[in-house]
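Chemist: I have a structure I would like to understand better, so I am pasting it below and will then ask my questions one at a time.
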Amino acid sequence: MAVRKEIVVVDATTGEIYGPKPRKTKRTEPFFMTYQEAVKNLAKAKFTSMELRVLLYFQGIMDYDNIAQISQAFLAKELDTTESTISLSIKHLVEKGAVAVEYVNGRKAFKVSPEISERGKTKC
């Protein structure tokens, strides 16, 4: 059995105990952070569930420039829907400013707005 030490701080004037000190979680996989105000705005923008699923998928695969390189056919297969549904969802995401279409090495890619979320990586 492992022994765990807890660190607490005691206020000398009041005797109040603060603790245990929160432990930092070590993560090794990449992550993205989403801004709270942006999430509220996304909720108010009345996106369809498919549009939100596409946006979440883009966030899950985007690189450090917020670029998601994926074909619409592959995305349709991954999300178990049709290419036309994916195309329409992307069109609405672009119209509402959540995603922009860019070209990387001559191929179509999708950039998630940095006002919504950004990709990060853990320090090793």
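Identifiers in this document derive from the order of the structure tokens: chains are assigned A, B, ..., residues are numbered from 1 separately in each chain, and ligands are numbered from 1 in order of occurrence.
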Taking the chain letters and numbering used in this document, name the residues of stretch 45-122 of chain A that DSSP puts in helix (DSSP H, G or I), as a tab-separated table (two decimals) with C-alpha atoms, in the first residue's frame.
Modeler:
chain	number	residue	atom	x	y	z
A	49	SER	CA	-26.30	19.11	-34.34
A	50	MET	CA	-24.45	18.01	-37.50
A	51	GLU	CA	-22.71	21.39	-37.79
A	52	LEU	CA	-21.55	21.09	-34.19
A	53	ARG	CA	-20.38	17.50	-34.79
A	54	VAL	CA	-18.36	18.64	-37.81
A	55	LEU	CA	-16.86	21.52	-35.81
A	56	LEU	CA	-15.94	19.17	-32.96
A	57	TYR	CA	-14.34	16.72	-35.40
A	58	PHE	CA	-12.30	19.55	-36.93
A	59	GLN	CA	-11.16	20.55	-33.44
A	60	GLY	CA	-10.18	16.97	-32.73
A	61	ILE	CA	-7.88	16.70	-35.75
A	72	GLN	CA	-15.51	15.57	-47.06
A	73	ALA	CA	-15.99	11.97	-48.21
A	74	PHE	CA	-13.87	10.63	-45.35
A	75	LEU	CA	-15.60	12.93	-42.86
A	76	ALA	CA	-19.02	11.73	-44.07
A	77	LYS	CA	-17.92	8.14	-43.52
A	78	GLU	CA	-16.54	8.93	-40.05
A	83	GLU	CA	-21.27	14.00	-48.34
A	84	SER	CA	-24.02	16.48	-49.18
A	85	THR	CA	-24.90	16.81	-45.47
A	86	ILE	CA	-21.24	17.42	-44.65
A	87	SER	CA	-20.92	19.95	-47.47
A	88	LEU	CA	-24.00	21.86	-46.29
A	89	SER	CA	-22.79	21.80	-42.67
A	90	ILE	CA	-19.38	23.17	-43.68
A	91	LYS	CA	-21.05	25.85	-45.80
A	92	HIS	CA	-23.07	27.03	-42.77
A	93	LEU	CA	-20.00	26.92	-40.50
A	94	VAL	CA	-18.14	29.12	-43.00
A	95	GLU	CA	-21.09	31.54	-43.32
Chemist: Fewer than 3 positions away in the same chain doesn't count, so skip those; otherwise give me all residues within 12 Å of A:Val39, counting only C-alpha atoms, as a ChimeraX atom specification.
Modeler: /A:33-36,42-47,52,55-56,98,115-117
Chemist: Write out the residues from the selection above, keeping C-alpha atoms, as a PDB file, in the first residue's frame.
Modeler:
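Generated file (selection_6.pdb):
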ATOM      1  CA  MET A  33      -8.607  24.854 -25.527  1.00  0.00           C
ATOM      2  CA  THR A  34     -11.929  26.477 -26.185  1.00  0.00           C
ATOM      3  CA  TYR A  35     -12.858  29.922 -24.986  1.00  0.00           C
ATOM      4  CA  GLN A  36     -15.899  30.203 -22.716  1.00  0.00           C
ATOM      5  CA  LEU A  42     -21.860  28.987 -30.470  1.00  0.00           C
ATOM      6  CA  ALA A  43     -24.839  27.950 -28.368  1.00  0.00           C
ATOM      7  CA  LYS A  44     -26.693  31.142 -29.281  1.00  0.00           C
ATOM      8  CA  ALA A  45     -25.871  30.840 -33.007  1.00  0.00           C
ATOM      9  CA  LYS A  46     -28.362  27.987 -33.446  1.00  0.00           C
ATOM     10  CA  PHE A  47     -26.056  25.545 -35.192  1.00  0.00           C
ATOM     11  CA  LEU A  52     -21.545  21.086 -34.194  1.00  0.00           C
ATOM     12  CA  LEU A  55     -16.856  21.520 -35.807  1.00  0.00           C
ATOM     13  CA  LEU A  56     -15.937  19.167 -32.957  1.00  0.00           C
ATOM     14  CA  ALA A  98     -16.693  29.357 -37.187  1.00  0.00           C
ATOM     15  CA  GLU A 115     -11.546  33.032 -31.601  1.00  0.00           C
ATOM     16  CA  ILE A 116     -13.260  29.700 -30.800  1.00  0.00           C
ATOM     17  CA  SER A 117     -10.386  27.390 -29.972  1.00  0.00           C
TER      18      SER A 117
END
Chemist: Return the single residue from A:Asp80, A:Asp65, A:Asp11, A:Glu102 that is closest to A:Phe32, with distances computed using only C-alpha atoms.
Modeler: A:Asp65
Chemist: With stretch 110-113 of chain A as the partner and 6 Å as the cut-off, tabulate the residues of stretch 1-88 of chain A that qualify, each row holding the nearest pair of atoms and their distance in Å to one decimal, using only C-alpha atoms, sorted by chain and rising number, as CSV.
Modeler:
residue,atom,partner,partner_atom,distance
A:Asn66,CA,A:Lys111,CA,5.4
A:Ile67,CA,A:Lys111,CA,4.4
A:Ala68,CA,A:Phe110,CA,5.1
Chemist: Mind writing the picked residues with N, CA and C atoms as a tab-separated table (two decimals), in the first residue's frame?
Modeler:
chain	number	residue	atom	x	y	z
A	66	ASN	N	-4.52	25.49	-36.39
A	66	ASN	CA	-5.97	25.30	-36.40
A	66	ASN	C	-6.49	24.79	-37.73
A	67	ILE	N	-5.65	24.15	-38.52
A	67	ILE	CA	-6.03	23.62	-39.83
A	67	ILE	C	-6.40	22.15	-39.70
A	68	ALA	N	-7.58	21.81	-40.22
A	68	ALA	CA	-8.04	20.42	-40.28
A	68	ALA	C	-8.00	19.99	-41.74
Chemist: Check the DSSP output for the backbone and give back, as a list in words, the residues of chain A in strand (DSSP E or B).
Modeler: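 So the strand (DSSP E or B) residues in chain A would be Val9, Val10, Ile17, Tyr18, Phe31, Phe32, Met33, Thr34, Ile67, Ala68, Val99, Ala100, Val101, Glu102, Tyr103, Val104, Arg107, Lys108, Ala109, Phe110, Lys111, Val112, Ser117, Glu118, Arg119 and Gly120 of chain A.
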Chemist: Please provide the set of residues having any atom within 8 Å of A:Lys108, restricted to only C-alpha atoms, with same-chain residues fewer than 3 positions apart removed, written as a list of chain:residue names.
Modeler: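 In the requested form, the answer reads A:Gln69, A:Ser71, A:Val101, A:Glu102, A:Tyr103, A:Val104.
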